[in-house]
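J.: First the structure, then my questions, so here it is.
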Amino acid sequence: MDTMKEYDEFKSCEDMEMEQLEREAKAQRWREYERFVMDTPMSASEREQLHSWVHRGNSVYDDPGSLHLCTPCYPRPFLYAIREEREIRNALRGKSKEAQDEYLRRYMSCNEPTAAEIAWRDARERTPELIRDDVRRIRRELAHLWEFVWSEGLGEEAHEFVNERRDEETPFEW
């Protein structure tokens, strides 16, 4: 019986800590929102959309996803993502399905696969599942790291830093 009482007290304490963390995270999101709105020119409609986004529990730096683009590859803050989606929708309006597909291919710099891309795809299919699992895990970690970097307002600096060192070896290369 004492064990159950101790468990309930522990659980209650844990719940209170979680609630406190959630309150702090919510307060942080609103501080982020206020700074972002002060520092970033936007229309009233964009401000409303951003407010609604943050009100639903998201950060101004969270990427809402895209109907057209691969957003995990290049996460964008909410405002920039909705602007880009609006630009794409306007460009696609009134075009045939074929013209829309062509526009999106050009917009995303997609062309027919090259021989190298086909070779890479074939090699990928021959790659053991365990290695593919590791690659997926590393990609997820990378996506989360970029999300964090953008949420801390360091996205552009980090992007420049990575581009400057892209071809440098790391201490962990074999």
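Quick note on naming: the chains in the structure tokens go A, B, ... in the order shown, residues restart at 1 in each chain, and ligands are numbered from 1 in order of appearance.
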Name the residues in contact with region 149-152 of chain A at a cut-off of 8 Å, using only C-alpha atoms, excluding same-chain residues fewer than 2 positions from it; report them as a JSON list (two decimals) with N, CA and C atoms, in the first residue's frame.
T.:
```
[["chain", "number", "residue", "atom", "x", "y", "z"],
["A", 59, "SER", "N", 5.92, 26.88, -33.09],
["A", 59, "SER", "CA", 6.87, 27.99, -33.05],
["A", 59, "SER", "C", 6.78, 28.76, -34.37],
["A", 60, "VAL", "N", 7.15, 30.03, -34.35],
["A", 60, "VAL", "CA", 7.18, 30.80, -35.59],
["A", 60, "VAL", "C", 8.20, 30.20, -36.55],
["A", 61, "TYR", "N", 9.16, 29.43, -36.01],
["A", 61, "TYR", "CA", 10.20, 28.84, -36.83],
["A", 61, "TYR", "C", 9.86, 27.43, -37.31],
["A", 62, "ASP", "N", 8.72, 26.88, -36.89],
["A", 62, "ASP", "CA", 8.30, 25.56, -37.35],
["A", 62, "ASP", "C", 7.86, 25.65, -38.80],
["A", 76, "ARG", "N", 11.78, 25.75, -43.34],
["A", 76, "ARG", "CA", 11.63, 27.20, -43.39],
["A", 76, "ARG", "C", 10.72, 27.65, -42.27],
["A", 77, "PRO", "N", 10.94, 28.85, -41.73],
["A", 77, "PRO", "CA", 10.00, 29.39, -40.76],
["A", 77, "PRO", "C", 8.61, 29.52, -41.39],
["A", 145, "LEU", "N", 18.04, 18.81, -36.00],
["A", 145, "LEU", "CA", 19.08, 19.80, -35.71],
["A", 145, "LEU", "C", 18.83, 21.10, -36.47],
["A", 146, "TRP", "N", 18.48, 20.98, -37.76],
["A", 146, "TRP", "CA", 18.20, 22.19, -38.54],
["A", 146, "TRP", "C", 16.98, 22.92, -37.99],
["A", 147, "GLU", "N", 15.97, 22.15, -37.58],
["A", 147, "GLU", "CA", 14.78, 22.77, -36.99],
["A", 147, "GLU", "C", 15.17, 23.57, -35.75],
["A", 154, "LEU", "N", 19.33, 31.02, -35.87],
["A", 154, "LEU", "CA", 20.69, 30.90, -36.40],
["A", 154, "LEU", "C", 20.74, 30.21, -37.75],
["A", 155, "GLY", "N", 19.59, 30.06, -38.40],
["A", 155, "GLY", "CA", 19.52, 29.30, -39.64],
["A", 155, "GLY", "C", 20.40, 29.82, -40.75],
["A", 156, "GLU", "N", 20.35, 31.11, -41.00],
["A", 156, "GLU", "CA", 21.14, 31.67, -42.10],
["A", 156, "GLU", "C", 22.64, 31.56, -41.81],
["A", 158, "ALA", "N", 24.09, 29.37, -39.85],
["A", 158, "ALA", "CA", 24.47, 27.96, -39.90],
["A", 158, "ALA", "C", 24.57, 27.49, -41.35]]
```
J.: I want to know what sits within 12 Å of Tyr80 (chain A), based on only C-alpha atoms, with residues of the same chain fewer than 2 positions away left out; could you give that as a list of chain:residue names?
T.: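 Once the nearby chain positions are removed, what remains is A:Thr40, A:Pro41, A:Met42, A:Glu46, A:Gln49, A:Leu50, A:Val60, A:Tyr61, A:Asp62, A:Asp63, A:Pro64, A:Gly65, A:Ser66, A:Thr71, A:Tyr74, A:Pro75, A:Arg76, A:Pro77, A:Phe78, A:Ile82, A:Arg83, A:Glu84, A:Glu85, A:Arg86, A:Glu87.
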J.: Print the selection's residues with C-alpha atoms to a file, as a JSON list (two decimals), in the first residue's frame.
T.:
```json
[["chain", "number", "residue", "atom", "x", "y", "z"],
["A", 40, "THR", "CA", 9.71, 41.03, -39.60],
["A", 41, "PRO", "CA", 7.58, 43.07, -41.99],
["A", 42, "MET", "CA", 4.33, 41.27, -42.79],
["A", 46, "GLU", "CA", 0.12, 37.01, -42.51],
["A", 49, "GLN", "CA", -2.06, 33.30, -39.84],
["A", 50, "LEU", "CA", 1.14, 33.37, -37.80],
["A", 60, "VAL", "CA", 7.18, 30.80, -35.59],
["A", 61, "TYR", "CA", 10.20, 28.84, -36.83],
["A", 62, "ASP", "CA", 8.30, 25.56, -37.35],
["A", 63, "ASP", "CA", 7.82, 24.58, -40.97],
["A", 64, "PRO", "CA", 4.15, 23.86, -41.74],
["A", 65, "GLY", "CA", 5.06, 21.51, -44.58],
["A", 66, "SER", "CA", 4.28, 21.98, -48.21],
["A", 71, "THR", "CA", 10.35, 20.63, -46.68],
["A", 74, "TYR", "CA", 15.07, 22.71, -46.37],
["A", 75, "PRO", "CA", 12.96, 23.65, -43.33],
["A", 76, "ARG", "CA", 11.63, 27.20, -43.39],
["A", 77, "PRO", "CA", 10.00, 29.39, -40.76],
["A", 78, "PHE", "CA", 6.21, 29.46, -41.01],
["A", 82, "ILE", "CA", 3.26, 30.36, -46.43],
["A", 83, "ARG", "CA", 4.64, 33.09, -48.67],
["A", 84, "GLU", "CA", 6.34, 30.54, -50.88],
["A", 85, "GLU", "CA", 3.20, 28.38, -51.02],
["A", 86, "ARG", "CA", 1.15, 31.45, -52.02],
["A", 87, "GLU", "CA", 3.69, 32.26, -54.75]]
```
